[in-house]
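S.K.: Pasting in a structure now, in structure tokens, and then I'll have a few things to ask.
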Amino acid sequence: MKKYIEKQLDSGERIIINPKTGEVMDFNEQVIYIQTDEQRKQTKEYFKNLKSNEEQFKIINEKYKEYGSFVWNVYNINEKTFPQLKPSSITRLMFLSTYLNYDGYLMYNKKTVMNKKQLFEIIKLSEREFHYFYKELIDNNILKTNDDKLFINQDLFGKGQLHKKIIAEFSSKEKYITRLYIDGIRELYDKSTPRSHKTLSYLFQILPYVNRQYNIVCFNPLEEDLSLIQGMSLGQFCETIGYSNHNSNKLFRTLFEPQFIINGKVTTAMRYVVDKGLEKSTYSMYINPRVYYAGNKWQEVEILGKF
């Protein structure tokens, strides 16, 4: 009989952990995340040293202003991305977050705080889909209202300089932070259809598996030694998130084929890179840092932005 450790996440979801293998599972014993002993050690060290490593939370420097404005997204590396939401709602929420101002309010334009009617206008859904999406965000304490003005829970998204107190609070809860680039997210959403939002959500569901410094999809996202990163193939990612390998071609098309324009250049959100040959098992998946990036080694991912 396996001995598991039970734990309740901030989302309310209960998980079970196998202390021998580091597997994190739901109660159907579906693997959510796998941490080796080395990865658990890295996680512990990461949060131990976080207060002295605040550079990653500072506003983007002048050299990389071409990446454009961004908002912060707070997530847990051992937890599914917004597990309480439908996958399609995750895509819509990420798009919605790009309208944040520095106080957490959603802005319809530079002078007008967004209301429900204006949200319906920009989200481009049917009335039925919109009402479900809106209720889902309200019920899960993600979207809030104040005199018909909409704002987002600032424990999940934010904009502007992060204060030390906030960083310390997140680190005490083992929370991670990444930048969502406004132009990249909006371009992706504008090029998509409501039907494709579910599959496009995997671009954001993959976030807990993206290396914070190199933007490679991997099993050890906190590893800073490039030679030690354990890359994840598309097939392995399908298995990790419970997506059928039989439909991997559909996932491939949704994530890798759509093109959008940033600063006059055609680009994609994800890319396959061949490491050792022509076998798909040797391919690595990278996220375009113009969509999201958490680290501070800009010179390491600059070439990705030029994909």
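As shown in the structure tokens, the chain order sets the letters A, B, ...; within each chain, residues go from 1, and ligands are also counted from 1 in the order they appear.
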Write out as a PyMOL selection string all residues of stretch 77-300 of chain A that backbone DSSP assigns to alpha helix (DSSP H).
M.R.: chain A and resi 87-97+116-123+127-139+164-172+182-191+197-200+202-205+234-241+248-256+298-300
S.K.: Which residues of stretch 156-208 of chain A sit at most 12 Å from stretch 235-239 of chain A, using only C-alpha atoms? Give each one's shortest atom pair and distance in Å (one decimal place), in chain and ascending residue order, as CSV.
M.R.:
residue,atom,partner,partner_atom,distance
A:Thr199,CA,A:Cys238,CA,11.8
A:Tyr202,CA,A:Cys238,CA,9.7
A:Leu203,CA,A:Phe237,CA,11.1
A:Gln205,CA,A:Phe237,CA,10.4
A:Ile206,CA,A:Phe237,CA,8.0
A:Leu207,CA,A:Phe237,CA,11.4
A:Pro208,CA,A:Phe237,CA,11.5
S.K.: Dump N, CA and C atoms for the selected residues as a PDB file, in the first residue's frame?
M.R.:
ATOM      1  N   THR A 199      -8.048  24.799 -26.607  1.00  0.00           N
ATOM      2  CA  THR A 199      -6.737  24.247 -26.947  1.00  0.00           C
ATOM      3  C   THR A 199      -5.640  25.279 -26.717  1.00  0.00           C
ATOM      4  N   TYR A 202      -3.627  25.615 -23.381  1.00  0.00           N
ATOM      5  CA  TYR A 202      -2.473  24.808 -23.005  1.00  0.00           C
ATOM      6  C   TYR A 202      -1.180  25.615 -23.063  1.00  0.00           C
ATOM      7  N   LEU A 203      -1.187  26.704 -23.818  1.00  0.00           N
ATOM      8  CA  LEU A 203      -0.036  27.602 -23.825  1.00  0.00           C
ATOM      9  C   LEU A 203       0.177  28.198 -22.435  1.00  0.00           C
ATOM     10  N   GLN A 205      -1.467  26.689 -19.571  1.00  0.00           N
ATOM     11  CA  GLN A 205      -1.415  25.574 -18.636  1.00  0.00           C
ATOM     12  C   GLN A 205      -0.004  24.987 -18.555  1.00  0.00           C
ATOM     13  N   ILE A 206       0.774  25.199 -19.587  1.00  0.00           N
ATOM     14  CA  ILE A 206       2.135  24.685 -19.624  1.00  0.00           C
ATOM     15  C   ILE A 206       3.074  25.517 -18.754  1.00  0.00           C
ATOM     16  N   LEU A 207       2.605  26.656 -18.275  1.00  0.00           N
ATOM     17  CA  LEU A 207       3.434  27.617 -17.560  1.00  0.00           C
ATOM     18  C   LEU A 207       4.214  27.025 -16.387  1.00  0.00           C
ATOM     19  N   PRO A 208       3.616  26.172 -15.530  1.00  0.00           N
ATOM     20  CA  PRO A 208       4.388  25.613 -14.413  1.00  0.00           C
ATOM     21  C   PRO A 208       5.554  24.731 -14.848  1.00  0.00           C
TER      22      PRO A 208
END
S.K.: Go through A:Ser227, A:Lys124, A:Leu96, A:Glu136 and flag the residue nearest A:Arg186, using only C-alpha atoms for the distances.
M.R.: A:Leu96
S.K.: Hey, which bits of stretch 57-124 of chain A sit within 9 Å of stretch 174-182 of chain A, and for each residue what's the closest pair of atoms and how far apart in Å (one decimal), counting only C-alpha atoms, rows by chain and increasing number, as a Markdown table?
M.R.:
| residue | atom | partner | partner_atom | distance |
| --- | --- | --- | --- | --- |
| A:Phe57 | CA | A:Ile177 | CA | 7.8 |
| A:Tyr67 | CA | A:Tyr181 | CA | 7.2 |
| A:Gly68 | CA | A:Tyr181 | CA | 6.6 |
| A:Ser69 | CA | A:Ile182 | CA | 5.9 |
| A:Phe70 | CA | A:Tyr181 | CA | 4.3 |
| A:Val71 | CA | A:Leu180 | CA | 5.3 |
| A:Trp72 | CA | A:Arg179 | CA | 4.8 |
| A:Asn73 | CA | A:Thr178 | CA | 5.4 |
| A:Val74 | CA | A:Ile177 | CA | 4.6 |
| A:Tyr75 | CA | A:Tyr176 | CA | 5.3 |
| A:Asn76 | CA | A:Lys175 | CA | 4.9 |
| A:Ile77 | CA | A:Tyr176 | CA | 6.9 |
| A:Met94 | CA | A:Leu180 | CA | 8.1 |
| A:Phe95 | CA | A:Ile182 | CA | 8.1 |
| A:Ser97 | CA | A:Ile182 | CA | 8.6 |
| A:Thr98 | CA | A:Ile182 | CA | 5.3 |
| A:Tyr99 | CA | A:Ile182 | CA | 8.2 |
S.K.: To one decimal place in Å, what is the distance between atom CA of A:His197 and atom CA of A:Ser88?
M.R.: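 Spanning atom CA of A:His197 to atom CA of A:Ser88 is a straight-line distance of 4.6 Å.
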S.K.: Which residues, written as a PyMOL selection string, have at least one atom at most 12 Å from A:Tyr132, with only C-alpha atoms counted and residues fewer than 6 positions away on the same chain left out?
M.R.: chain A and resi 85-86+88-89+92+120+125-126+138-139
S.K.: Put those residues in a file: N, CA and C atoms, as a short mmCIF file (atom, residue, chain, number, x, y, z; two decimals), in the first residue's frame.
M.R.:
data_model
loop_
_atom_site.label_atom_id
_atom_site.label_comp_id
_atom_site.auth_asym_id
_atom_site.auth_seq_id
_atom_site.Cartn_x
_atom_site.Cartn_y
_atom_site.Cartn_z
N LEU A 85 -11.09 26.69 -13.28
CA LEU A 85 -11.70 27.25 -14.47
C LEU A 85 -11.72 26.26 -15.62
N LYS A 86 -12.69 26.43 -16.51
CA LYS A 86 -12.68 25.67 -17.76
C LYS A 86 -11.45 26.09 -18.55
N SER A 88 -11.01 26.88 -21.67
CA SER A 88 -11.26 28.04 -22.54
C SER A 88 -11.28 29.34 -21.73
N SER A 89 -11.75 29.26 -20.49
CA SER A 89 -11.81 30.46 -19.64
C SER A 89 -10.42 30.95 -19.26
N ARG A 92 -9.24 33.21 -22.00
CA ARG A 92 -9.99 34.48 -21.95
C ARG A 92 -9.55 35.34 -20.78
N PHE A 120 -18.03 42.62 -22.28
CA PHE A 120 -18.69 41.79 -23.28
C PHE A 120 -18.25 42.21 -24.69
N LEU A 125 -17.46 37.13 -27.34
CA LEU A 125 -18.10 35.83 -27.16
C LEU A 125 -19.60 35.97 -27.39
N SER A 126 -20.27 34.85 -27.56
CA SER A 126 -21.72 34.89 -27.62
C SER A 126 -22.24 35.27 -26.24
N ILE A 138 -16.46 35.63 -11.32
CA ILE A 138 -17.03 36.20 -10.10
C ILE A 138 -17.10 35.15 -9.00
N ASP A 139 -17.60 33.97 -9.33
CA ASP A 139 -17.77 32.90 -8.33
C ASP A 139 -16.44 32.43 -7.75
#
S.K.: Expressed in Å to a single decimal, how great is the separation between atom CA of A:Phe204 and atom CA of A:Lys173?
M.R.: 20.8 Å
S.K.: Looking at only C-alpha atoms, which of A:Leu100, A:Met114, A:Ile122, A:Leu188 is the one that sits closest to A:Gly160?
M.R.: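 Among the listed residues, A:Leu100 lies closest to A:Gly160.
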S.K.: Using only C-alpha atoms, which of the listed residues (A:Leu119, A:Ile90, A:Gln259, A:Phe82) sits closest to A:Ser192?
M.R.: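 Ranking A:Leu119, A:Ile90, A:Gln259, A:Phe82 by distance to A:Ser192, first place goes to A:Gln259.
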